[in-house]
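Structure, as structure tokens:
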Amino acid sequence: MNHPPITSDTNHHWVMFQAPQHPKGPYTSNEPYYVDLTRHLSTWTRPFDYIHRSDAGEYAQKLLEEHRQKCVLMARQRAQQDRPRRKIKTLGDWTVVETVQGREYYYNEVEGRATWEKPVEVEEIENRADGTEMDAEDAEWMMQMMEQEGEAEEPEELEEPEEPEEPVVQMLPKEKAVELFRQMLRDHPIDVFGTWEAHIPKLHNDQRFHYIQDALERQELFDQVAADLVREKKTKRQEQTRLDELPKTHKKQKTSDEIVDPFDELLAQHVRKKTSFARFCQKHLKDPRYLSVKTSREREKRFLKHVERLGK
């Protein structure tokens with residue numbers, strides 16, 4: 001709320017304001033009213049505990065400045081918690097995106113940049129879509145846009161990210177949703193020392209991203225997986241250092257024994273001809289040998305090769 005200039009205030013946090021010179025309400029011009037900044041109350045009647053200060057103007061301006069800074073900080077905190085929710089429409093290279101808090105911004109997929117202000121290109125397209133009179137150039141441009149939209153069927157694609165996600169999230173148990181979300185983070189090449197906000201555009205198109213709907217929970221899971229990856233990398237580096245420090249004769253013995261790959265060992269122990277890849281993943285999702293292969297595509301490839309060998 002933007003208050004009129006402050007004229008005086010009290011030790012009891014009462015601040016006196018003056019009504020605008022051209023009021024629209026039932027009060028008169030420059031009529032004083034009082035606001036208690038502590039309890040957020042206001043009144044036209046002078047409070048009984050109102051005490052005038054000698055430095056009323058300076059003190060009141062100080063309080064108002066603190067209040068403004070607090071409002072700015074709260075607005076920034078709310079903005080940092082805001083996240084993309086759905087695509088509204090596409091205008092040329094620009095996509096209008098609605099956030100969780102109901103705000104709209106514009107994203108250029110070609111240039112990879114976003115802005116809160118409406119781009120000039122979007123305004124031109126909207127003006128052409130008005131009921132205004134078009135010249136020959138505008139008519140030709142509209143025909144090209146209609147042909148492109150007819151081929152790509154963009155209006156239907158705009159709703160696709162929303163429609164299939166909601167029923168899937170409702171059907172999945174909480175533990176399963178968390179498990180798939182963590183697996184998504186491992187499947188994508190994430191920067192363990194980067195921020196969660198920087199990874200959202202890269203992960204947003206993955207269906208598993210929407211299994212967790214709470215923004216804070218997504219960030220917590222990201223931090224957990226990043227910490228796990230750091231520990232795994234550190235453990236692997238320590239193991240490699242230990243092997244490098246072993247005597248050469250011991251190293252030769254290790255290499256000559258042809259140590260079995262952990263994932264191949266897991267396949268040999270648990271996979272049969274009729275075992276499905278989905279069942280295999282579900283059963284051994286937390287097995288360290290299963291996690292030794294980083295991507296689902298590579299796991300499935302090696303799984304199918306193993307089943308093929310069993311069939312021969």
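Letters for chains follow the order of the structure tokens (A, B, ...), residue numbers begin at 1 for each chain, and ligand numbers begin at 1 in the order shown.
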- Could you pull the residues within 12 Å of Pro84 of chain A, counting only C-alpha atoms, minus those fewer than 5 positions along the same chain, as a ChimeraX atom specification? /A:79,95-107,114,161-162,197,200-201,203-205,210,213,215
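Shortest atom-to-atom contact with Leu41 of chain A among A:Lys283, A:His13, A:Leu91, A:Arg53: A:His13, counting only C-alpha atoms.
For the choices A:His284, A:Arg272, A:Arg86, A:Lys236, the atom-to-atom distance to Leu304 of chain A is smallest for A:Arg272 when using only C-alpha atoms.
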- Find the spatial neighbours of segment 276-279 of chain A, counting only C-alpha atoms, within a cut-off of 10 Å - ignore same-chain residues fewer than 5 positions away - and output them as number ranges by chain. A: 271, 284-285, 299-301, 303-304, 307
Those residues with C-alpha atoms, as a PDB file, in the first residue's frame please?
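The resulting file, again-v7.pdb, is shown below:
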ATOM      1  CA  VAL A 271      17.991 -62.725 -14.845  1.00  0.00           C
ATOM      2  CA  HIS A 284      16.899 -54.191  -8.017  1.00  0.00           C
ATOM      3  CA  LEU A 285      16.430 -50.413  -8.203  1.00  0.00           C
ATOM      4  CA  ARG A 299      21.057 -50.918 -18.589  1.00  0.00           C
ATOM      5  CA  GLU A 300      18.356 -52.052 -21.002  1.00  0.00           C
ATOM      6  CA  LYS A 301      20.917 -52.612 -23.773  1.00  0.00           C
ATOM      7  CA  PHE A 303      20.033 -56.608 -20.181  1.00  0.00           C
ATOM      8  CA  LEU A 304      18.799 -57.548 -23.676  1.00  0.00           C
ATOM      9  CA  VAL A 307      18.907 -62.466 -22.323  1.00  0.00           C
TER      10      VAL A 307
END
- Task: Point out the residue among A:Lys202, A:Arg242, A:Arg302, A:Arg182 with the least atom-to-atom distance to Asp223 of chain A, counting only C-alpha atoms.
- Result: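 Counting only C-alpha atoms, the residue closest to Asp223 of chain A is A:Arg182.
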- Could you pull the residues within 8 Å of Met184 of chain A, counting only C-alpha atoms, minus those fewer than 2 positions along the same chain, as a list in words?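 Selected residues are Leu180, Phe181, Arg182, Arg186, Asp187, His188, Asp206, Arg208 and Phe209 of chain A.
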Mind dumping the selected residues with C-alpha atoms as a PDB file, in the first residue's frame?
ATOM      1  CA  LEU A 180      11.212 -42.347 -10.095  1.00  0.00           C
ATOM      2  CA  PHE A 181      12.071 -38.698  -9.503  1.00  0.00           C
ATOM      3  CA  ARG A 182      15.440 -39.650  -8.011  1.00  0.00           C
ATOM      4  CA  ARG A 186      20.508 -39.850 -12.071  1.00  0.00           C
ATOM      5  CA  ASP A 187      19.591 -40.455 -15.717  1.00  0.00           C
ATOM      6  CA  HIS A 188      20.223 -36.824 -16.654  1.00  0.00           C
ATOM      7  CA  ASP A 206      10.643 -35.409 -18.482  1.00  0.00           C
ATOM      8  CA  ARG A 208       8.939 -38.097 -14.050  1.00  0.00           C
ATOM      9  CA  PHE A 209       9.597 -34.425 -13.167  1.00  0.00           C
TER      10      PHE A 209
END
- Non-local contacts of Arg289 of chain A (12 Å; only C-alpha atoms; under 4 positions in same chain excluded) as JSON, numbers by chain: {"A": [260, 261, 262, 263, 264, 265, 266, 267, 268, 269, 270, 281, 284, 285, 293, 294, 299]}
Take the residues from that selection and put them in a file with N, CA, C and O atoms, as a PDB file, in the first residue's frame.
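Result written to part.pdb:
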ATOM      1  N   VAL A 260      34.777 -59.474 -12.312  1.00  0.00           N
ATOM      2  CA  VAL A 260      33.487 -59.404 -12.989  1.00  0.00           C
ATOM      3  C   VAL A 260      32.866 -58.030 -12.781  1.00  0.00           C
ATOM      4  O   VAL A 260      32.914 -57.475 -11.677  1.00  0.00           O
ATOM      5  N   ASP A 261      32.280 -57.487 -13.848  1.00  0.00           N
ATOM      6  CA  ASP A 261      31.573 -56.210 -13.743  1.00  0.00           C
ATOM      7  C   ASP A 261      30.376 -56.360 -12.806  1.00  0.00           C
ATOM      8  O   ASP A 261      29.630 -57.350 -12.895  1.00  0.00           O
ATOM      9  N   PRO A 262      30.149 -55.407 -11.874  1.00  0.00           N
ATOM     10  CA  PRO A 262      29.043 -55.546 -10.909  1.00  0.00           C
ATOM     11  C   PRO A 262      27.685 -55.728 -11.573  1.00  0.00           C
ATOM     12  O   PRO A 262      26.873 -56.545 -11.119  1.00  0.00           O
ATOM     13  N   PHE A 263      27.422 -55.008 -12.641  1.00  0.00           N
ATOM     14  CA  PHE A 263      26.127 -55.120 -13.306  1.00  0.00           C
ATOM     15  C   PHE A 263      25.975 -56.476 -13.988  1.00  0.00           C
ATOM     16  O   PHE A 263      24.904 -57.102 -13.946  1.00  0.00           O
ATOM     17  N   ASP A 264      27.068 -56.973 -14.609  1.00  0.00           N
ATOM     18  CA  ASP A 264      27.023 -58.308 -15.223  1.00  0.00           C
ATOM     19  C   ASP A 264      26.808 -59.387 -14.171  1.00  0.00           C
ATOM     20  O   ASP A 264      26.116 -60.390 -14.402  1.00  0.00           O
ATOM     21  N   GLU A 265      27.403 -59.194 -12.995  1.00  0.00           N
ATOM     22  CA  GLU A 265      27.212 -60.147 -11.901  1.00  0.00           C
ATOM     23  C   GLU A 265      25.750 -60.176 -11.471  1.00  0.00           C
ATOM     24  O   GLU A 265      25.181 -61.241 -11.220  1.00  0.00           O
ATOM     25  N   LEU A 266      25.133 -58.998 -11.399  1.00  0.00           N
ATOM     26  CA  LEU A 266      23.718 -58.911 -11.033  1.00  0.00           C
ATOM     27  C   LEU A 266      22.842 -59.608 -12.074  1.00  0.00           C
ATOM     28  O   LEU A 266      21.892 -60.329 -11.727  1.00  0.00           O
ATOM     29  N   LEU A 267      23.162 -59.409 -13.359  1.00  0.00           N
ATOM     30  CA  LEU A 267      22.404 -60.074 -14.425  1.00  0.00           C
ATOM     31  C   LEU A 267      22.537 -61.581 -14.332  1.00  0.00           C
ATOM     32  O   LEU A 267      21.552 -62.326 -14.482  1.00  0.00           O
ATOM     33  N   ALA A 268      23.735 -62.063 -14.097  1.00  0.00           N
ATOM     34  CA  ALA A 268      23.971 -63.502 -14.048  1.00  0.00           C
ATOM     35  C   ALA A 268      23.233 -64.156 -12.888  1.00  0.00           C
ATOM     36  O   ALA A 268      22.769 -65.294 -12.989  1.00  0.00           O
ATOM     37  N   GLN A 269      23.084 -63.438 -11.791  1.00  0.00           N
ATOM     38  CA  GLN A 269      22.467 -64.020 -10.606  1.00  0.00           C
ATOM     39  C   GLN A 269      20.945 -64.011 -10.644  1.00  0.00           C
ATOM     40  O   GLN A 269      20.297 -64.908 -10.097  1.00  0.00           O
ATOM     41  N   HIS A 270      20.339 -63.013 -11.285  1.00  0.00           N
ATOM     42  CA  HIS A 270      18.896 -62.815 -11.136  1.00  0.00           C
ATOM     43  C   HIS A 270      18.096 -62.822 -12.440  1.00  0.00           C
ATOM     44  O   HIS A 270      16.867 -62.787 -12.388  1.00  0.00           O
ATOM     45  N   CYS A 281      14.205 -54.011 -13.165  1.00  0.00           N
ATOM     46  CA  CYS A 281      14.472 -52.669 -12.637  1.00  0.00           C
ATOM     47  C   CYS A 281      13.747 -52.434 -11.316  1.00  0.00           C
ATOM     48  O   CYS A 281      14.305 -51.865 -10.372  1.00  0.00           O
ATOM     49  N   HIS A 284      15.512 -54.474  -8.388  1.00  0.00           N
ATOM     50  CA  HIS A 284      16.899 -54.191  -8.017  1.00  0.00           C
ATOM     51  C   HIS A 284      17.231 -52.701  -8.119  1.00  0.00           C
ATOM     52  O   HIS A 284      18.387 -52.345  -8.335  1.00  0.00           O
ATOM     53  N   LEU A 285      16.225 -51.844  -7.983  1.00  0.00           N
ATOM     54  CA  LEU A 285      16.430 -50.413  -8.203  1.00  0.00           C
ATOM     55  C   LEU A 285      17.443 -49.816  -7.235  1.00  0.00           C
ATOM     56  O   LEU A 285      18.180 -48.896  -7.584  1.00  0.00           O
ATOM     57  N   VAL A 293      25.661 -48.749 -13.408  1.00  0.00           N
ATOM     58  CA  VAL A 293      25.424 -48.280 -14.771  1.00  0.00           C
ATOM     59  C   VAL A 293      24.536 -47.052 -14.677  1.00  0.00           C
ATOM     60  O   VAL A 293      23.445 -47.119 -14.115  1.00  0.00           O
ATOM     61  N   LYS A 294      24.966 -45.935 -15.225  1.00  0.00           N
ATOM     62  CA  LYS A 294      24.340 -44.647 -14.928  1.00  0.00           C
ATOM     63  C   LYS A 294      23.028 -44.385 -15.661  1.00  0.00           C
ATOM     64  O   LYS A 294      22.180 -43.689 -15.156  1.00  0.00           O
ATOM     65  N   ARG A 299      21.484 -49.733 -19.346  1.00  0.00           N
ATOM     66  CA  ARG A 299      21.057 -50.918 -18.589  1.00  0.00           C
ATOM     67  C   ARG A 299      20.201 -51.840 -19.451  1.00  0.00           C
ATOM     68  O   ARG A 299      20.374 -53.064 -19.452  1.00  0.00           O
TER      69      ARG A 299
END
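For the pair atom CA of Tyr33 of chain A and atom CA of Val15 of chain A, the interatomic distance is 8.4 Å.
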